[in-house]
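Q: Provided herewith: input-v7.txt, compact mmCIF, C-alpha atoms.
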```
# COMPACT_ATOMS: atom_id res chain seq x y z
CA MET A 18 -143.63 160.39 229.91
CA ILE A 19 -140.06 160.62 228.68
CA THR A 20 -137.68 163.01 230.45
CA LEU A 21 -135.69 165.28 228.13
CA ILE A 22 -132.11 166.01 229.19
CA PRO A 23 -129.99 168.41 227.12
CA ALA A 24 -126.23 167.83 227.16
CA ILE A 25 -123.24 170.13 227.41
CA ASP A 26 -119.81 168.65 226.67
CA ILE A 27 -116.83 170.74 227.76
CA ILE A 28 -113.27 171.00 226.49
CA GLU A 29 -111.05 173.83 227.75
CA GLY A 30 -114.07 175.54 229.25
CA LYS A 31 -115.97 175.62 225.94
CA CYS A 32 -119.10 173.88 224.66
CA VAL A 33 -118.21 171.21 222.11
CA ARG A 34 -119.63 168.13 220.43
CA LEU A 35 -117.59 165.16 219.28
CA THR A 36 -118.33 162.60 216.58
CA LYS A 37 -118.16 159.01 217.86
CA GLY A 38 -116.12 160.27 220.80
CA ASP A 39 -113.24 161.37 218.58
CA TYR A 40 -111.42 164.29 220.21
CA ASP A 41 -109.96 165.22 216.83
CA ALA A 42 -113.46 165.51 215.35
CA LYS A 43 -114.93 168.18 217.57
CA THR A 44 -117.13 171.18 216.85
CA VAL A 45 -116.90 174.19 219.16
CA TYR A 46 -120.10 176.14 219.77
CA GLY A 47 -120.32 179.79 220.80
CA GLY A 48 -121.19 180.88 224.29
CA SER A 49 -119.95 179.59 227.61
CA PRO A 50 -121.33 176.39 229.15
CA ALA A 51 -123.15 178.53 231.73
CA ASP A 52 -124.71 180.65 228.99
CA MET A 53 -125.89 177.53 227.20
CA ALA A 54 -127.26 176.07 230.42
CA ALA A 55 -129.19 179.28 231.09
CA LEU A 56 -130.74 179.04 227.62
CA PHE A 57 -131.84 175.47 228.28
CA GLU A 58 -133.35 176.52 231.61
CA SER A 59 -135.20 179.44 230.04
CA ALA A 60 -136.63 177.03 227.44
CA GLY A 61 -138.18 175.02 230.26
CA PHE A 62 -135.79 172.17 230.89
CA ARG A 63 -135.11 171.05 234.45
CA ARG A 64 -132.28 168.57 233.92
CA LEU A 65 -128.84 168.90 232.36
CA HIS A 66 -126.14 166.39 231.50
CA VAL A 67 -122.62 167.83 231.68
CA VAL A 68 -119.53 165.96 230.49
CA ASP A 69 -116.00 167.07 231.34
CA LEU A 70 -114.25 165.71 228.26
CA ASP A 71 -110.89 167.00 229.44
CA GLY A 72 -111.50 165.11 232.66
CA ALA A 73 -112.40 161.91 230.85
CA LYS A 74 -109.19 162.11 228.86
CA SER A 75 -106.98 163.16 231.77
CA LYS A 76 -108.55 160.71 234.26
CA HIS A 77 -109.37 163.39 236.82
CA VAL A 78 -111.93 166.18 237.03
CA VAL A 79 -110.73 169.27 235.12
CA ASN A 80 -113.59 171.64 234.27
CA ILE A 81 -114.90 172.12 237.79
CA GLU A 82 -115.17 175.91 237.41
CA ALA A 83 -117.51 175.47 234.44
CA LEU A 84 -119.69 173.21 236.57
CA LYS A 85 -119.75 175.78 239.37
CA ASP A 86 -120.73 178.52 236.91
CA ILE A 87 -123.63 176.42 235.62
CA THR A 88 -124.95 175.47 239.04
CA SER A 89 -124.59 178.99 240.43
CA ARG A 90 -126.40 180.60 237.51
CA THR A 91 -129.23 178.07 237.06
CA ARG A 92 -131.52 175.86 239.09
CA LEU A 93 -131.04 172.92 236.75
CA ALA A 94 -130.51 169.50 238.28
CA VAL A 95 -127.10 168.73 236.82
CA ASP A 96 -125.60 165.31 236.41
CA PHE A 97 -121.86 165.58 235.91
CA GLY A 98 -119.43 163.06 234.49
CA GLY A 99 -115.94 162.75 233.08
CA GLY A 100 -112.79 162.07 235.05
CA ILE A 101 -114.38 160.97 238.32
CA LYS A 102 -111.84 158.42 239.53
CA THR A 103 -111.24 159.14 243.23
CA ASP A 104 -113.00 160.20 246.41
CA GLY A 105 -111.59 163.66 245.79
CA ASP A 106 -113.10 163.80 242.31
CA ILE A 107 -116.59 162.75 243.34
CA ARG A 108 -116.64 165.11 246.31
CA LYS A 109 -115.40 167.92 244.09
CA ALA A 110 -118.29 167.30 241.69
CA PHE A 111 -120.91 167.32 244.44
CA ASP A 112 -119.30 170.35 246.12
CA GLY A 113 -119.43 172.06 242.72
CA GLY A 114 -123.20 171.78 242.72
CA ALA A 115 -123.85 168.55 240.83
CA SER A 116 -127.09 166.85 241.85
CA MET A 117 -125.91 163.54 240.42
CA VAL A 118 -122.71 162.11 238.98
CA THR A 119 -122.23 159.73 236.06
CA ILE A 120 -119.50 157.15 236.58
CA GLY A 121 -118.38 154.63 234.01
CA SER A 122 -114.67 153.80 234.02
CA VAL A 123 -114.39 153.26 237.77
CA ALA A 124 -117.29 150.83 237.58
CA VAL A 125 -115.09 148.69 235.33
CA THR A 126 -111.67 149.17 236.90
CA HIS A 127 -112.55 149.55 240.60
CA ARG A 128 -115.83 147.81 241.28
CA ASP A 129 -115.52 147.91 245.06
CA LEU A 130 -115.04 151.68 244.99
CA PHE A 131 -118.12 152.18 242.82
CA VAL A 132 -120.23 150.05 245.16
CA GLU A 133 -118.81 151.99 248.11
CA TRP A 134 -119.89 155.27 246.49
CA LEU A 135 -123.30 153.80 245.76
CA GLY A 136 -123.75 153.11 249.45
CA GLU A 137 -122.28 156.39 250.66
CA PHE A 138 -124.03 158.82 248.31
CA GLY A 139 -127.15 156.81 247.48
CA ALA A 140 -128.49 155.21 244.33
CA ASP A 141 -130.51 158.31 243.48
CA ARG A 142 -127.32 160.37 243.10
CA ILE A 143 -125.17 157.86 241.22
CA ILE A 144 -125.67 157.15 237.51
CA LEU A 145 -123.90 154.13 236.05
CA GLY A 146 -122.32 155.08 232.74
CA ALA A 147 -122.47 152.27 230.18
CA ASP A 148 -120.68 153.40 227.06
CA VAL A 149 -120.99 150.69 224.43
CA ARG A 150 -119.06 149.84 221.30
CA ASP A 151 -120.04 146.63 219.48
CA GLY A 152 -121.82 145.35 222.59
CA ARG A 153 -118.82 145.87 224.88
CA ILE A 154 -118.11 148.53 227.47
CA SER A 155 -115.64 151.28 226.60
CA ILE A 156 -113.89 153.45 229.21
CA ASN A 157 -111.69 156.51 229.75
CA GLY A 158 -113.42 158.87 227.38
CA TRP A 159 -114.24 156.00 224.98
CA ARG A 160 -110.55 155.65 224.24
CA GLU A 161 -110.18 152.13 225.71
CA ASP A 162 -112.38 149.16 224.80
CA THR A 163 -112.91 146.29 227.24
CA ASP A 164 -114.17 142.71 226.97
CA GLU A 165 -117.04 143.54 229.34
CA ASP A 166 -120.41 142.60 227.83
CA VAL A 167 -122.97 145.34 228.42
CA THR A 168 -125.68 142.98 229.70
CA ASP A 169 -123.32 141.28 232.17
CA PHE A 170 -122.04 144.71 233.26
CA LEU A 171 -125.55 145.97 233.99
CA GLU A 172 -126.61 142.75 235.70
CA TYR A 173 -123.70 143.03 238.13
CA TYR A 174 -124.61 146.55 239.22
CA VAL A 175 -128.40 146.36 239.09
CA SER A 176 -128.13 143.43 241.51
CA ARG A 177 -126.17 145.77 243.81
CA GLY A 178 -128.73 148.54 243.83
CA VAL A 179 -128.05 150.69 240.77
CA LYS A 180 -131.22 152.49 239.66
CA ASN A 181 -129.96 154.93 237.01
CA VAL A 182 -128.09 153.88 233.86
CA LEU A 183 -126.85 156.24 231.14
CA CYS A 184 -126.21 154.13 228.04
CA THR A 185 -124.49 155.52 224.96
CA ASP A 186 -123.88 153.60 221.76
CA ILE A 187 -120.61 155.20 220.69
CA SER A 188 -121.15 154.40 217.02
CA LYS A 189 -124.28 156.57 217.08
CA ASP A 190 -122.96 159.51 219.05
CA GLY A 191 -122.84 162.78 217.14
CA MET A 192 -123.96 161.15 213.89
CA LEU A 193 -127.56 162.47 213.86
CA GLN A 194 -128.66 159.17 212.33
CA GLY A 195 -130.91 157.87 215.10
CA PRO A 196 -130.29 156.14 218.45
CA ALA A 197 -129.51 152.46 219.03
CA PHE A 198 -133.16 151.43 219.41
CA GLY A 199 -132.37 147.71 219.39
CA LEU A 200 -129.85 148.08 222.20
CA TYR A 201 -132.29 150.01 224.37
CA GLU A 202 -135.12 147.54 223.74
CA LYS A 203 -132.79 144.74 224.83
CA ILE A 204 -131.82 146.57 228.02
CA ILE A 205 -135.40 147.50 228.93
CA LYS A 206 -136.51 143.89 228.46
CA ALA A 207 -133.70 142.61 230.69
CA PHE A 208 -133.94 145.36 233.33
CA PRO A 209 -137.47 146.78 233.27
CA HIS A 210 -137.21 148.62 236.57
CA ILE A 211 -134.14 150.78 235.97
CA ASN A 212 -134.22 154.41 234.90
CA LEU A 213 -132.55 153.99 231.53
CA ILE A 214 -131.18 157.19 230.00
CA ALA A 215 -130.61 156.78 226.27
CA SER A 216 -127.82 158.83 224.71
CA GLY A 217 -126.35 159.19 221.25
CA GLY A 218 -127.70 159.69 217.77
CA VAL A 219 -130.90 161.65 218.42
CA SER A 220 -131.66 163.49 215.18
CA GLY A 221 -135.10 164.92 215.88
CA LEU A 222 -138.50 164.56 217.46
CA ASP A 223 -139.36 161.29 215.71
CA ASP A 224 -136.40 159.59 217.40
CA ILE A 225 -137.54 160.78 220.82
CA ARG A 226 -141.11 159.67 220.20
CA ARG A 227 -139.88 156.23 219.16
CA LEU A 228 -137.73 155.94 222.30
CA GLU A 229 -140.78 156.83 224.36
CA ARG A 230 -142.88 154.21 222.59
CA ILE A 231 -140.40 151.44 223.39
CA GLY A 232 -140.42 152.47 227.04
CA VAL A 233 -137.21 154.48 227.46
CA PRO A 234 -137.75 156.73 230.52
CA SER A 235 -135.17 159.43 229.71
CA VAL A 236 -133.09 160.68 226.79
CA VAL A 237 -129.98 162.84 226.49
CA PHE A 238 -129.57 164.90 223.34
CA GLY A 239 -127.19 167.59 222.15
CA LYS A 240 -126.08 167.90 218.57
CA ALA A 241 -129.64 167.89 217.18
CA VAL A 242 -130.24 171.16 219.02
CA TYR A 243 -126.81 172.70 218.44
CA GLU A 244 -127.09 172.00 214.73
CA GLY A 245 -130.62 173.42 214.52
CA LYS A 246 -132.25 170.08 213.65
CA VAL A 247 -134.92 170.60 216.29
CA ASP A 248 -136.31 173.55 218.23
CA VAL A 249 -136.18 173.06 222.00
CA GLY A 250 -139.59 174.64 222.55
CA THR A 251 -141.18 172.32 220.03
CA MET A 252 -139.34 169.40 221.57
CA ILE A 253 -140.78 170.08 225.00
CA ASP A 254 -144.33 170.96 223.98
CA ASP A 255 -144.90 168.43 221.18
CA VAL A 256 -143.10 165.42 222.61
CA CYS A 257 -144.12 165.65 226.22
CA GLY A 258 -146.99 168.08 226.33
CA LEU A 259 -145.48 169.86 229.29
CA ARG A 260 -142.28 171.42 230.54
CA GLN A 261 -139.76 168.94 231.85
```
Would you mind writing the file's structure down as structure tokens?

A:
Amino acid sequence: MITLIPAIDIIEGKCVRLTKGDYDAKTVYGGSPADMAALFESAGFRRLHVVDLDGAKSKHVVNIEALKDITSRTRLAVDFGGGIKTDGDIRKAFDGGASMVTIGSVAVTHRDLFVEWLGEFGADRIILGADVRDGRISINGWREDTDEDVTDFLEYYVSRGVKNVLCTDISKDGMLQGPAFGLYEKIIKAFPHINLIASGGVSGLDDIRRLERIGVPSVVFGKAVYEGKVDVGTMIDDVCGLRQ
């Protein structure tokens, strides 16, 4: 049964959504991140994906107070990412109430540090962020492309104990035109035992059902709800048959 994970992206303490990761193509939504998180919790969700977009751009955690507000006002299991580059950043995120952290750039630029964190905090609390553009990994808020092939990238870390992978096809993100089904099928075939979290492009319930059919364990969504393309209550009840 697929796990549904709503997303909150934060810039300057506000809920936003970008298109293809473009900071100049953002939409700001009303209400604080904590207010939005409380709405998701009241709808029946148990998980939340929070991205500090200022942190991703600045290369250090910025919106820590927003994280603290969310975790103090809800019981949601929050995974937090964006700007986690140092021991201080990751400890700040966990001290701020995050249950898990998503780390992408460090896994490319400082592999030993990522593996060290994996051992120190445990594979259940570390999510490997694999942000993909044209089959290659992109880092630092999707503003820098690398030559790292996504399959090779995942192979390296799965062999070192990674269990959770959040994979976003950047070309799909915020477009409401459907996820990268082919990419996820490829990953599931190569790494059948990981908890793959699909992200980007979800436009409605049919997309989520299709992800579930191809074996994707979890999915992050955002814009489809913010833009009124899907009702969260219907999403929970019709797709999964129970509250997540």

Q: Set the distance at 10 Å and use only C-alpha atoms: which residues neighbour A:Ile22 once local chain neighbours fewer than 2 positions away are removed? I'd like the list as number ranges by chain.

A: A: 19-20, 24-25, 57, 62-67, 94-96, 214-216, 235-239, 261

Q: Give me, as a Markdown table, each residue of stretch 70-138 of chain A that comes within 10 Å of stretch 154-176 of chain A, together with its shortest interatomic pair and the distance in Å at one decimal, counting only C-alpha atoms, with rows ordered by chain and rising residue number.

A:
```
| residue | atom | partner | partner_atom | distance |
| --- | --- | --- | --- | --- |
| A:Leu70 | CA | A:Gly158 | CA | 6.9 |
| A:Asp71 | CA | A:Gly158 | CA | 8.8 |
| A:Gly72 | CA | A:Gly158 | CA | 8.4 |
| A:Ala73 | CA | A:Gly158 | CA | 4.7 |
| A:Lys74 | CA | A:Gly158 | CA | 5.5 |
| A:Ser75 | CA | A:Asn157 | CA | 8.4 |
| A:Lys76 | CA | A:Asn157 | CA | 6.9 |
| A:Gly99 | CA | A:Gly158 | CA | 7.3 |
| A:Gly100 | CA | A:Asn157 | CA | 7.8 |
| A:Lys102 | CA | A:Asn157 | CA | 10.0 |
| A:Ile120 | CA | A:Ile156 | CA | 10.0 |
| A:Gly121 | CA | A:Ile156 | CA | 6.7 |
| A:Ser122 | CA | A:Ile156 | CA | 4.9 |
| A:Val123 | CA | A:Ile156 | CA | 8.6 |
| A:Ala124 | CA | A:Tyr174 | CA | 8.6 |
| A:Val125 | CA | A:Ile156 | CA | 7.8 |
| A:Thr126 | CA | A:Ile156 | CA | 9.1 |
| A:Arg128 | CA | A:Tyr174 | CA | 9.1 |
| A:Phe131 | CA | A:Tyr174 | CA | 9.3 |
| A:Val132 | CA | A:Tyr174 | CA | 8.2 |
| A:Leu135 | CA | A:Tyr174 | CA | 9.9 |
```

Q: What does the distance from atom CA of A:Gly217 to atom CA of A:Gly195 come to in Å, to one decimal?

A: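 Straight-line distance from atom CA of A:Gly217 to atom CA of A:Gly195 works out to 7.8 Å.
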
Q: To one decimal in Å, tell me the separation between atom CA of A:Met252 and atom CA of A:Lys85.

A: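 Going from atom CA of A:Met252 over to atom CA of A:Lys85, I get 27.2 Å.
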
Q: If we count all atoms listed in the file and set the cut-off at 12 Å, which residues sit around A:Phe111, ignoring sequence neighbours fewer than 2 positions away in its own chain? Please answer as a list of chain:residue names.

A: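 Listed by chain and then number, they are A:Val78, A:Ile81, A:Leu84, A:Lys85, A:Thr88, A:Ala94, A:Val95, A:Asp96, A:Phe97, A:Gly98, A:Ile101, A:Asp104, A:Gly105, A:Asp106, A:Ile107, A:Arg108, A:Lys109, A:Gly113, A:Gly114, A:Ala115, A:Ser116, A:Met117, A:Val118, A:Thr119, A:Phe138, A:Arg142, A:Ile143.
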
Q: In terms of the shortest atom-to-atom distance over all atoms listed in the file, which of A:Leu213, A:Ile225, A:Val249, A:Ala197 is closest to A:Gly61?

A: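 Among the listed residues, the smallest separation from A:Gly61 belongs to A:Val249.
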
Q: Any idea what the distance is between atom CA of A:Gly250 and atom CA of A:Asp69?

A: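 So the two atoms, atom CA of A:Gly250 and atom CA of A:Asp69, lie 26.3 Å apart.
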
Q: I need the residue nearest A:Gln194 from this list: A:Arg177, A:His210, A:Arg92, A:Lys37. Use only C-alpha atoms for the distance.

A: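 So, comparing all the options, the nearest one is A:Lys37.
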
Q: Nearest to A:Thr185: which of A:Leu35, A:Gly218, A:Ile205, A:Gly199 is it, counting only C-alpha atoms?

A: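 Result for the nearest residue to A:Thr185: A:Gly218.
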
Q: Is it possible to get the axis-aligned box enclosing stretch 138-147 of chain A (all listed atoms, 3 Å extra per side) as AutoDock Vina command-line options, with centre and edge lengths in Å rounded to one decimal?

A:
```
--center_x -126.4 --center_y 156.3 --center_z 239.2 --size_x 14.2 --size_y 14.1 --size_z 24.1
```

Q: Calculated over all atoms listed in the file, which of the candidates A:Asp223, A:Asp190, A:Asp112, A:Glu137 has the smallest distance to A:Thr36?

A: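 The closest residue to A:Thr36 is A:Asp190.
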
Q: Since the input is missing atoms for stretch 159-178 of chain A, could you rebuild it with N, CA, C and O atoms and give the result as a PDB file, keeping the file's coordinate frame?

A:
```
ATOM      1  N   TRP A 159    -113.993 156.846 226.150  1.00  0.00           N
ATOM      2  CA  TRP A 159    -114.240 156.000 224.980  1.00  0.00           C
ATOM      3  C   TRP A 159    -112.955 155.681 224.226  1.00  0.00           C
ATOM      4  O   TRP A 159    -112.980 155.241 223.080  1.00  0.00           O
ATOM      5  N   ARG A 160    -111.835 155.860 224.892  1.00  0.00           N
ATOM      6  CA  ARG A 160    -110.550 155.650 224.240  1.00  0.00           C
ATOM      7  C   ARG A 160    -109.992 154.251 224.498  1.00  0.00           C
ATOM      8  O   ARG A 160    -108.983 153.864 223.911  1.00  0.00           O
ATOM      9  N   GLU A 161    -110.633 153.483 225.406  1.00  0.00           N
ATOM     10  CA  GLU A 161    -110.180 152.130 225.710  1.00  0.00           C
ATOM     11  C   GLU A 161    -111.384 151.185 225.681  1.00  0.00           C
ATOM     12  O   GLU A 161    -112.357 151.391 226.409  1.00  0.00           O
ATOM     13  N   ASP A 162    -111.323 150.159 224.853  1.00  0.00           N
ATOM     14  CA  ASP A 162    -112.380 149.160 224.800  1.00  0.00           C
ATOM     15  C   ASP A 162    -112.049 148.012 225.748  1.00  0.00           C
ATOM     16  O   ASP A 162    -110.880 147.660 225.950  1.00  0.00           O
ATOM     17  N   THR A 163    -113.091 147.415 226.337  1.00  0.00           N
ATOM     18  CA  THR A 163    -112.910 146.290 227.240  1.00  0.00           C
ATOM     19  C   THR A 163    -113.618 145.060 226.665  1.00  0.00           C
ATOM     20  O   THR A 163    -114.295 145.134 225.645  1.00  0.00           O
ATOM     21  N   ASP A 164    -113.475 143.938 227.363  1.00  0.00           N
ATOM     22  CA  ASP A 164    -114.170 142.710 226.970  1.00  0.00           C
ATOM     23  C   ASP A 164    -115.484 142.558 227.741  1.00  0.00           C
ATOM     24  O   ASP A 164    -116.135 141.508 227.656  1.00  0.00           O
ATOM     25  N   GLU A 165    -115.866 143.594 228.474  1.00  0.00           N
ATOM     26  CA  GLU A 165    -117.040 143.540 229.340  1.00  0.00           C
ATOM     27  C   GLU A 165    -118.326 143.639 228.514  1.00  0.00           C
ATOM     28  O   GLU A 165    -118.595 144.659 227.881  1.00  0.00           O
ATOM     29  N   ASP A 166    -119.126 142.583 228.524  1.00  0.00           N
ATOM     30  CA  ASP A 166    -120.410 142.600 227.830  1.00  0.00           C
ATOM     31  C   ASP A 166    -121.377 143.527 228.554  1.00  0.00           C
ATOM     32  O   ASP A 166    -121.466 143.507 229.790  1.00  0.00           O
ATOM     33  N   VAL A 167    -122.116 144.334 227.797  1.00  0.00           N
ATOM     34  CA  VAL A 167    -122.970 145.340 228.420  1.00  0.00           C
ATOM     35  C   VAL A 167    -124.045 144.713 229.307  1.00  0.00           C
ATOM     36  O   VAL A 167    -124.329 145.227 230.405  1.00  0.00           O
ATOM     37  N   THR A 168    -124.632 143.610 228.893  1.00  0.00           N
ATOM     38  CA  THR A 168    -125.680 142.980 229.700  1.00  0.00           C
ATOM     39  C   THR A 168    -125.116 142.442 231.016  1.00  0.00           C
ATOM     40  O   THR A 168    -125.708 142.619 232.084  1.00  0.00           O
ATOM     41  N   ASP A 169    -123.954 141.788 230.952  1.00  0.00           N
ATOM     42  CA  ASP A 169    -123.320 141.280 232.170  1.00  0.00           C
ATOM     43  C   ASP A 169    -122.936 142.435 233.094  1.00  0.00           C
ATOM     44  O   ASP A 169    -123.082 142.352 234.322  1.00  0.00           O
ATOM     45  N   PHE A 170    -122.437 143.514 232.514  1.00  0.00           N
ATOM     46  CA  PHE A 170    -122.040 144.710 233.260  1.00  0.00           C
ATOM     47  C   PHE A 170    -123.244 145.277 234.025  1.00  0.00           C
ATOM     48  O   PHE A 170    -123.167 145.549 235.231  1.00  0.00           O
ATOM     49  N   LEU A 171    -124.359 145.419 233.343  1.00  0.00           N
ATOM     50  CA  LEU A 171    -125.550 145.970 233.990  1.00  0.00           C
ATOM     51  C   LEU A 171    -126.105 145.011 235.035  1.00  0.00           C
ATOM     52  O   LEU A 171    -126.523 145.439 236.116  1.00  0.00           O
ATOM     53  N   GLU A 172    -126.104 143.737 234.745  1.00  0.00           N
ATOM     54  CA  GLU A 172    -126.610 142.750 235.700  1.00  0.00           C
ATOM     55  C   GLU A 172    -125.852 142.824 237.017  1.00  0.00           C
ATOM     56  O   GLU A 172    -126.447 142.773 238.113  1.00  0.00           O
ATOM     57  N   TYR A 173    -124.542 142.957 236.926  1.00  0.00           N
ATOM     58  CA  TYR A 173    -123.700 143.030 238.130  1.00  0.00           C
ATOM     59  C   TYR A 173    -124.128 144.190 239.024  1.00  0.00           C
ATOM     60  O   TYR A 173    -124.280 144.040 240.245  1.00  0.00           O
ATOM     61  N   TYR A 174    -124.335 145.363 238.411  1.00  0.00           N
ATOM     62  CA  TYR A 174    -124.610 146.550 239.220  1.00  0.00           C
ATOM     63  C   TYR A 174    -126.077 146.721 239.585  1.00  0.00           C
ATOM     64  O   TYR A 174    -126.397 147.237 240.667  1.00  0.00           O
ATOM     65  N   VAL A 175    -126.978 146.296 238.724  1.00  0.00           N
ATOM     66  CA  VAL A 175    -128.400 146.360 239.090  1.00  0.00           C
ATOM     67  C   VAL A 175    -128.653 145.472 240.306  1.00  0.00           C
ATOM     68  O   VAL A 175    -129.423 145.824 241.207  1.00  0.00           O
ATOM     69  N   SER A 176    -127.971 144.333 240.359  1.00  0.00           N
ATOM     70  CA  SER A 176    -128.130 143.430 241.510  1.00  0.00           C
ATOM     71  C   SER A 176    -127.548 144.039 242.788  1.00  0.00           C
ATOM     72  O   SER A 176    -127.836 143.550 243.889  1.00  0.00           O
ATOM     73  N   ARG A 177    -126.770 145.090 242.652  1.00  0.00           N
ATOM     74  CA  ARG A 177    -126.170 145.770 243.810  1.00  0.00           C
ATOM     75  C   ARG A 177    -126.823 147.123 244.104  1.00  0.00           C
ATOM     76  O   ARG A 177    -126.288 147.910 244.872  1.00  0.00           O
ATOM     77  N   GLY A 178    -127.942 147.374 243.457  1.00  0.00           N
ATOM     78  CA  GLY A 178    -128.730 148.540 243.830  1.00  0.00           C
ATOM     79  C   GLY A 178    -128.728 149.706 242.869  1.00  0.00           C
ATOM     80  O   GLY A 178    -129.358 150.736 243.150  1.00  0.00           O
TER      81      GLY A 178
END
```
